[in-house]
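What follows is a single structure, written as structure tokens, with notes after it.
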Amino acid sequence: MSVIAGVIQFDRPLRSADGTADFMEAVQYFPGNSFETWEDASALLGCRAQWITPESVNERLPFRDEQSGLVITADAIIDNRGQLFEQLEIGRDRRSGITDSELILLAYRKWGPETPRYLIGDFAFVIWDASRKLLYGARDQLASRTLYYHHSSNQFSFCSVIHPLFSLAGIDKRLCEERFAEFLAIPTLLDAVDVHTTYYADVLQLPPAHTFTLQEGKLTVAKYGSLMPEKSLTLGSDDEYVEAFQEIFQESVRSRLRTFKQVGVTLSGGLDSGSVSGFAARMLAKEGKSLQAYSYIPERDFKDWTPRSMFADESPYIQSIVDYVGNIKANLLDFPGISPFTEIDEWIDSLEGPYKNFENAFWVKGIHEEAARQGVGVLLTGARGNYSISWGSAIGYYSLMLKKLQWLQLYREISMYGRQLGTGRKRIVRAIRQQVFPEKAASFQPGVPSIIQADFARSSGVLEKLSQYDVGLRESTYQMLREREDYFRNQAVLSMQGTISAKSSYRLGIWERDATSDIRLIKFCLSIPVEQYVKNGFGRSLIRRATKNILPDKVRLNQRTRGVQGMDWVHRIIPRWPSIEEELRTLCRDEQASRYLNLMQVKESMSMVGSAIKPEQADDPHLKLLMRSLIAYRFLKRLQ
């Protein structure tokens with residue numbers, strides 16, 4: 001893992017007045033094991049290296065290949081090393097010592113601009129070909145790493161993070177109003193639909209699954225690859241699907257254990273992180289290592305107000321996983337005194353912009369910090385499991401069966417599903433019918449009221465732009481078979497999620513790795529029949545069958561309740577609510593805020609919420625609006 005940076009000057013040699021020294025000094029701010037630069041007359045490349053894998057120890061980046069003259073700086077962990085060794089005809093005696101950046105460079109020498117199509121893993125890298133005056137860069141398909149750039153008539157600069165770029169001459173910290181308008185206008189957790197912009201007008205980002213080529217001052221940005229499978233996969237039996245899944249999922253987990261440091265996992269009481277933990281703990285035991293598990297639990301004085309079908313405290317399910325799997329050291333963390341309000345400024349600084357998922361942000365940050373303190377190098381997650389390994393809504397599948405008039409099979413499935421849930425068929429049929437034939441009720445209203453000022457919305461044209469996207473501004477119909485494909489095609493969602501993970505890793509020196517979103521695994525899960533995901537009265541059937549003897553049945557077969565992390569967020573901010581109200585009143589008097597934020601709505605929401613908030617208001621859209629408005633306001637102030 002590394003923070004990479006560089007500057008290319010087109011029309012003259014680089015000079016100190018360009019701000020390159022300050023630029024590289026800003027890159028050194030991040031924690032790391034080494035810092036190196038490489039330069040010639042027109043190019044300067046740098047890297048603040050954080051050693052994670054055994055091969056990365058003492059790695060020199062930027063690295064220049066003497067034979068070709070190519071120079072690479074890279075932020076990468078490559079997972080298909082064995083496959084690349086064979087494709088590149090690298091002898092067995094050389095393989096153990098080759099770093100991932102050298103492997104990328106060898107791949108580039110063979111495949112040129114097609115290189116990212118052959119790479120599996122998390123990466124952002126840039127290669128300088130001095131002989132051709134050509135700069136080439138790429139970002140992985142799942143947006144696991146970040147890469148930002150500025151392009152002017154005579155200079156191109158890039159960096160893993162944004163703020164060091166402001167050290168260079170000609171790059172100003174100006175608000176990108178187009179991006180900010182999207183943040184304010186979208187009522188869901190998505191921050192923006194434009195995958196090229198950032199919150200700063202002078203800085204762009206390379207989208208996931210994209211490359212750039214710069215030659216003679218001309219920049220070309222192009223998309224590569226797809227997460228969609230080339231063809232469907234048909235096997236002979238249910239057991240064969242389970243065996244094939246286990247093989248590819250275990251490879252996904254195994255490839256993410258490659259570190260000389262401790263291995264950690266963010267563990268909830270559910271199937272996704274539980275499955276990752278179950279397989280990882282067994283593999284680590286063979287290496288004489290244990291798995292460090294980090295779990296968020298509510299504060300001790302929190303009284304769970306959620307319905308019986310939910311549970312805010314997942315510790316009983318977490319403990320059952322720890323006890324059943326073995327070789328897991330549990331860290332149950334409640335972060336006393338910490339709340340979404342106390343962490344706003346640090347999150348804005350870390351993400352280099354505003355954010356919406358404040359309900360969970362504070363404990364995600366806390367887990368990362370605790371893992372870093374305990375010497376963890378790789379922090380495993382199951383973040384995207386809902387769309388890969390554990391996809392499969394039972395009600396969604398039964399709706400498809402109803403549309404296909406598969407009456408006998410549907411009756412059988414509903415009967416078994418009802419027994420699993422302890423509920424009658426009528427209730428299940430009602431849920432199916434509602435999904436197939438949604439009743440017309442009141443006019444559609446977004447989940448959270450809009451916080452964008454009306455004149456700003458009109459002048460930016462943001463509502464017309466967003467009308468082309470399904471971002472919660474209009475009613476949409478759930479379509480089960482399109483759900484996963486839409487998710488994995490949505491570069492804006494992938495980029496937002498990947499950016500949060502990458503920015504945290506740069507700040508703390510740990511690498512969050514999602515074992516449920518390996519490209520090979522995603523393509524497998526998308527290629528097999530939908531029937532494998534709902535079977536014998538169980539939704540999410542494939543992962544349940546694949547983790548038999550891996551997870552306890554209390555977790556593996558649980559369909560009656562689900563964990564809802566972060567539901568104590570209001571409980572946590574109650575002691576600070578007077579301070580929050582005062583800052584909101586200040587916001588409503590701020591001239592800059594009035595240009596962008598709907599202050600009438602902020603005042604109305606303050607009135608709706610009241611001065612005595614309760615923990616049960618965790619889902620209150622007006623309270624969420626106030627928190628989002630406060631975060632947007634803090635971001636504007638930090639721009640000044």
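By convention here, the chains of the structure tokens are called A, B, ... in the order presented, each chain's residues are numbered starting at 1, and ligands are numbered starting at 1 in the order presented.
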
With a cut-off of 12 Å, could you pull out the residues of region 161-264 of chain A touching region 320-337 of chain A and give me the nearest pair of atoms for each, distance in Å to one decimal, using only C-alpha atoms, ordered by chain and ascending number, as a tab-separated table?
residue	atom	partner	partner_atom	distance
A:Gln262	CA	A:Lys329	CA	11.6
A:Val263	CA	A:Ile328	CA	10.4
A:Gly264	CA	A:Lys329	CA	9.3

Generate a file of the selected residues that holds N, CA and C atoms, formatted as a short mmCIF file (atom, residue, chain, number, x, y, z; two decimals), in the first residue's frame.
data_model
loop_
_atom_site.label_atom_id
_atom_site.label_comp_id
_atom_site.auth_asym_id
_atom_site.auth_seq_id
_atom_site.Cartn_x
_atom_site.Cartn_y
_atom_site.Cartn_z
N GLN A 262 -0.36 -8.73 11.28
CA GLN A 262 -1.54 -9.40 11.77
C GLN A 262 -2.67 -9.29 10.73
N VAL A 263 -3.56 -10.27 10.73
CA VAL A 263 -4.75 -10.24 9.89
C VAL A 263 -5.96 -9.99 10.78
N GLY A 264 -6.78 -9.02 10.40
CA GLY A 264 -7.98 -8.71 11.16
C GLY A 264 -9.22 -8.87 10.29
#

*Name all residues at most 12 Å from Leu88 (chain A) (count only C-alpha atoms; drop same-chain ones fewer than 2 positions away) and give them as a PyMOL selection string.*
chain A and resi 81-86+90-92+94-95+102-111+115+118

*For Ser527 (chain A), work out the shell of residues within 12 Å, counting only C-alpha atoms and skipping chain neighbours fewer than 3 positions away, then give it as a ChimeraX atom specification.*
/A:227-235,241,244-245,388,481,484-485,520-524,530-533

*Members of region 389-530 of chain A assigned helix (DSSP H, G or I) by DSSP, as an MDAnalysis selection string*: chainID A and resid 394:403 407:421 425:436 454:460 462:466 480:489 491:508 519:527 530

*Residue contacts of Arg482 (chain A) (12 Å, only C-alpha atoms) excluding same-chain residues fewer than 5 positions away, as a PyMOL selection string*: chain A and resi 228+387+391-392+396+477+487-490+526+530

Return as CSV the residues of region 507-530 of chain A lying at most 12 Å from region 19-35 of chain A, together with the closest atom-to-atom pair for each and the distance in Å to one decimal, counting only C-alpha atoms, with rows in chain order and ascending residue number.
residue,atom,partner,partner_atom,distance
A:Arg507,CA,A:Phe30,CA,6.1
A:Leu508,CA,A:Pro31,CA,6.7
A:Gly509,CA,A:Pro31,CA,6.2
A:Ile510,CA,A:Pro31,CA,10.0

*Spatial neighbours of Thr342 (chain A), 10 Å, only C-alpha atoms, chain gap at least 6 places, as a ChimeraX atom specification*: /A:362,572-573,576

Residues as selected, N, CA and C atoms, written as a CSV table (one decimal), in the first residue's frame, can you do that?
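Here's the written file out-v7.csv:
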chain,number,residue,atom,x,y,z
A,362,PHE,N,-18.6,6.7,12.5
A,362,PHE,CA,-17.8,6.9,13.7
A,362,PHE,C,-17.2,5.6,14.2
A,572,ARG,N,-26.3,8.3,21.3
A,572,ARG,CA,-24.9,8.9,21.5
A,572,ARG,C,-24.9,10.4,21.4
A,573,ILE,N,-25.7,11.0,20.5
A,573,ILE,CA,-25.6,12.4,20.3
A,573,ILE,C,-26.5,13.2,21.3
A,576,ARG,N,-25.0,15.8,23.4
A,576,ARG,CA,-24.4,17.0,22.7
A,576,ARG,C,-25.5,17.7,21.8

*Nearest to Pro575 (chain A) among A:Phe341, A:Arg562, A:Val555, A:Gln434, with distances taken over only C-alpha atoms: which residue is it?*
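Using only C-alpha atoms, Pro575 (chain A) sits closest to A:Phe341.
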
*asked:* List the spatial neighbours of Ala454 (chain A) as a ChimeraX atom specification - criterion: any atom at most 12 Å away, only C-alpha atoms, same-chain residues fewer than 4 positions off excluded.
replied: /A:181,184-185,450,458-463,594-601

I'd like a table as CSV: residues in region 258-301 of chain A with an atom no more than 12 Å from region 374-380 of chain A, each row giving the shortest atom pair and its distance in Å to one decimal, only C-alpha atoms counted, sorted by chain and rising residue number.
residue,atom,partner,partner_atom,distance
A:Arg258,CA,A:Val378,CA,8.0
A:Thr259,CA,A:Gly377,CA,6.4
A:Phe260,CA,A:Gly377,CA,7.6
A:Lys261,CA,A:Gly377,CA,5.0
A:Gln262,CA,A:Val376,CA,4.3
A:Val263,CA,A:Val378,CA,5.2
A:Gly264,CA,A:Leu379,CA,4.5
A:Val265,CA,A:Leu380,CA,4.3
A:Thr266,CA,A:Leu380,CA,6.4
A:Leu267,CA,A:Leu380,CA,8.9
A:Asp272,CA,A:Leu380,CA,10.9
A:Ser273,CA,A:Leu380,CA,8.2
A:Gly274,CA,A:Leu380,CA,10.9
A:Ser275,CA,A:Leu380,CA,11.1
A:Val276,CA,A:Leu380,CA,7.6
A:Ser277,CA,A:Leu380,CA,8.2
A:Gly278,CA,A:Leu380,CA,11.7
A:Phe279,CA,A:Leu380,CA,11.4
A:Ala280,CA,A:Leu380,CA,8.9
A:Ala281,CA,A:Leu380,CA,11.2
A:Ser290,CA,A:Val376,CA,11.4
A:Leu291,CA,A:Leu380,CA,9.8
A:Gln292,CA,A:Val376,CA,8.2
A:Ala293,CA,A:Leu379,CA,9.0
A:Tyr294,CA,A:Leu379,CA,9.3

Could you write out that same residue set with N, CA, C and O atoms as a short mmCIF file (atom, residue, chain, number, x, y, z; two decimals), in the first residue's frame?
data_model
loop_
_atom_site.label_atom_id
_atom_site.label_comp_id
_atom_site.auth_asym_id
_atom_site.auth_seq_id
_atom_site.Cartn_x
_atom_site.Cartn_y
_atom_site.Cartn_z
N ARG A 258 -2.41 -12.26 2.47
CA ARG A 258 -0.98 -12.10 2.18
C ARG A 258 -0.42 -10.85 2.87
O ARG A 258 -0.44 -9.75 2.33
N THR A 259 0.04 -11.03 4.07
CA THR A 259 0.67 -9.94 4.81
C THR A 259 1.63 -10.53 5.84
O THR A 259 1.42 -11.64 6.34
N PHE A 260 2.68 -9.78 6.15
CA PHE A 260 3.59 -10.22 7.19
C PHE A 260 3.14 -9.68 8.56
O PHE A 260 3.74 -10.00 9.59
N LYS A 261 2.07 -8.90 8.56
CA LYS A 261 1.53 -8.35 9.80
C LYS A 261 0.36 -9.22 10.29
O LYS A 261 0.11 -10.30 9.77
N GLN A 262 -0.36 -8.73 11.28
CA GLN A 262 -1.54 -9.40 11.77
C GLN A 262 -2.67 -9.29 10.73
O GLN A 262 -2.74 -8.33 9.97
N VAL A 263 -3.56 -10.27 10.73
CA VAL A 263 -4.75 -10.24 9.89
C VAL A 263 -5.96 -9.99 10.78
O VAL A 263 -6.13 -10.65 11.81
N GLY A 264 -6.78 -9.02 10.40
CA GLY A 264 -7.98 -8.71 11.16
C GLY A 264 -9.22 -8.87 10.29
O GLY A 264 -9.13 -9.07 9.08
N VAL A 265 -10.39 -8.77 10.92
CA VAL A 265 -11.64 -8.84 10.18
C VAL A 265 -12.67 -7.99 10.93
O VAL A 265 -12.69 -7.96 12.16
N THR A 266 -13.50 -7.28 10.19
CA THR A 266 -14.64 -6.61 10.80
C THR A 266 -15.77 -7.62 10.85
O THR A 266 -16.30 -8.04 9.82
N LEU A 267 -16.15 -8.01 12.05
CA LEU A 267 -17.08 -9.13 12.24
C LEU A 267 -18.39 -8.66 12.84
O LEU A 267 -18.42 -8.10 13.93
N ASP A 272 -22.14 -12.65 5.89
CA ASP A 272 -21.03 -12.22 5.04
C ASP A 272 -19.70 -12.18 5.79
O ASP A 272 -18.76 -12.90 5.45
N SER A 273 -19.62 -11.34 6.82
CA SER A 273 -18.37 -11.28 7.58
C SER A 273 -18.13 -12.58 8.33
O SER A 273 -16.98 -12.99 8.54
N GLY A 274 -19.22 -13.27 8.74
CA GLY A 274 -19.05 -14.56 9.40
C GLY A 274 -18.41 -15.60 8.49
O GLY A 274 -17.52 -16.36 8.90
N SER A 275 -18.85 -15.63 7.22
CA SER A 275 -18.27 -16.59 6.26
C SER A 275 -16.80 -16.28 6.00
O SER A 275 -15.96 -17.19 5.97
N VAL A 276 -16.48 -15.01 5.82
CA VAL A 276 -15.09 -14.61 5.62
C VAL A 276 -14.25 -15.04 6.82
O VAL A 276 -13.16 -15.61 6.67
N SER A 277 -14.76 -14.78 8.01
CA SER A 277 -14.03 -15.13 9.24
C SER A 277 -13.85 -16.63 9.37
O SER A 277 -12.77 -17.11 9.76
N GLY A 278 -14.91 -17.38 9.05
CA GLY A 278 -14.83 -18.83 9.19
C GLY A 278 -13.76 -19.45 8.34
O GLY A 278 -12.97 -20.29 8.81
N PHE A 279 -13.69 -19.06 7.08
CA PHE A 279 -12.68 -19.60 6.19
C PHE A 279 -11.29 -19.05 6.53
O PHE A 279 -10.30 -19.79 6.52
N ALA A 280 -11.20 -17.77 6.84
CA ALA A 280 -9.89 -17.15 7.11
C ALA A 280 -9.25 -17.73 8.37
O ALA A 280 -8.04 -17.99 8.40
N ALA A 281 -10.05 -17.92 9.42
CA ALA A 281 -9.49 -18.43 10.68
C ALA A 281 -8.88 -19.82 10.49
O ALA A 281 -7.83 -20.13 11.07
N SER A 290 -3.46 -16.26 14.34
CA SER A 290 -4.86 -16.15 14.73
C SER A 290 -5.49 -14.96 14.01
O SER A 290 -4.79 -14.08 13.50
N LEU A 291 -6.80 -14.97 13.97
CA LEU A 291 -7.55 -13.90 13.32
C LEU A 291 -8.06 -12.93 14.37
O LEU A 291 -8.77 -13.33 15.30
N GLN A 292 -7.72 -11.65 14.22
CA GLN A 292 -8.21 -10.62 15.12
C GLN A 292 -9.54 -10.10 14.60
O GLN A 292 -9.62 -9.57 13.49
N ALA A 293 -10.61 -10.26 15.38
CA ALA A 293 -11.94 -9.82 14.95
C ALA A 293 -12.32 -8.54 15.70
O ALA A 293 -12.14 -8.44 16.92
N TYR A 294 -12.86 -7.57 14.95
CA TYR A 294 -13.27 -6.29 15.52
C TYR A 294 -14.75 -6.08 15.25
O TYR A 294 -15.19 -6.09 14.10
#

*Could you find all residues in region 277-389 of chain A that DSSP calls strand (DSSP E) from the backbone, and write them as number ranges by chain?*
A: 291-296, 310-311, 328-333, 376-381

_Atom-to-atom span, CA of Ile395 (chain A) and CA of Val564 (chain A), Å_ =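 So the answer is 20.1 Å.
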
*Could you name the residues that touch Met310 (chain A) at 10 Å or less, counting only C-alpha atoms, but leaving out those on the same chain fewer than 3 positions away, as a VMD selection string?*
chain A and resid 304 to 307 313 to 314 560 to 565

_Top pick for closest residue to Gly217 (chain A), considering A:Glu39, A:Glu582, A:Asp11, A:Glu352 and counting only C-alpha atoms_ =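 Closest to Gly217 (chain A) of all the choices is A:Asp11.
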
*asked:* Counting only C-alpha atoms, which residue out of A:Pro621, A:Gly422, A:Pro164, A:Gly566 sits closest to Gly537 (chain A)?
replied: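 The shortest atom-to-atom distance to Gly537 (chain A) comes from A:Gly422.
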
*Have a look at CA of Arg139 (chain A) and CA of Asp75 (chain A) and let me know their distance in Å, one decimal.*
9.6 Å
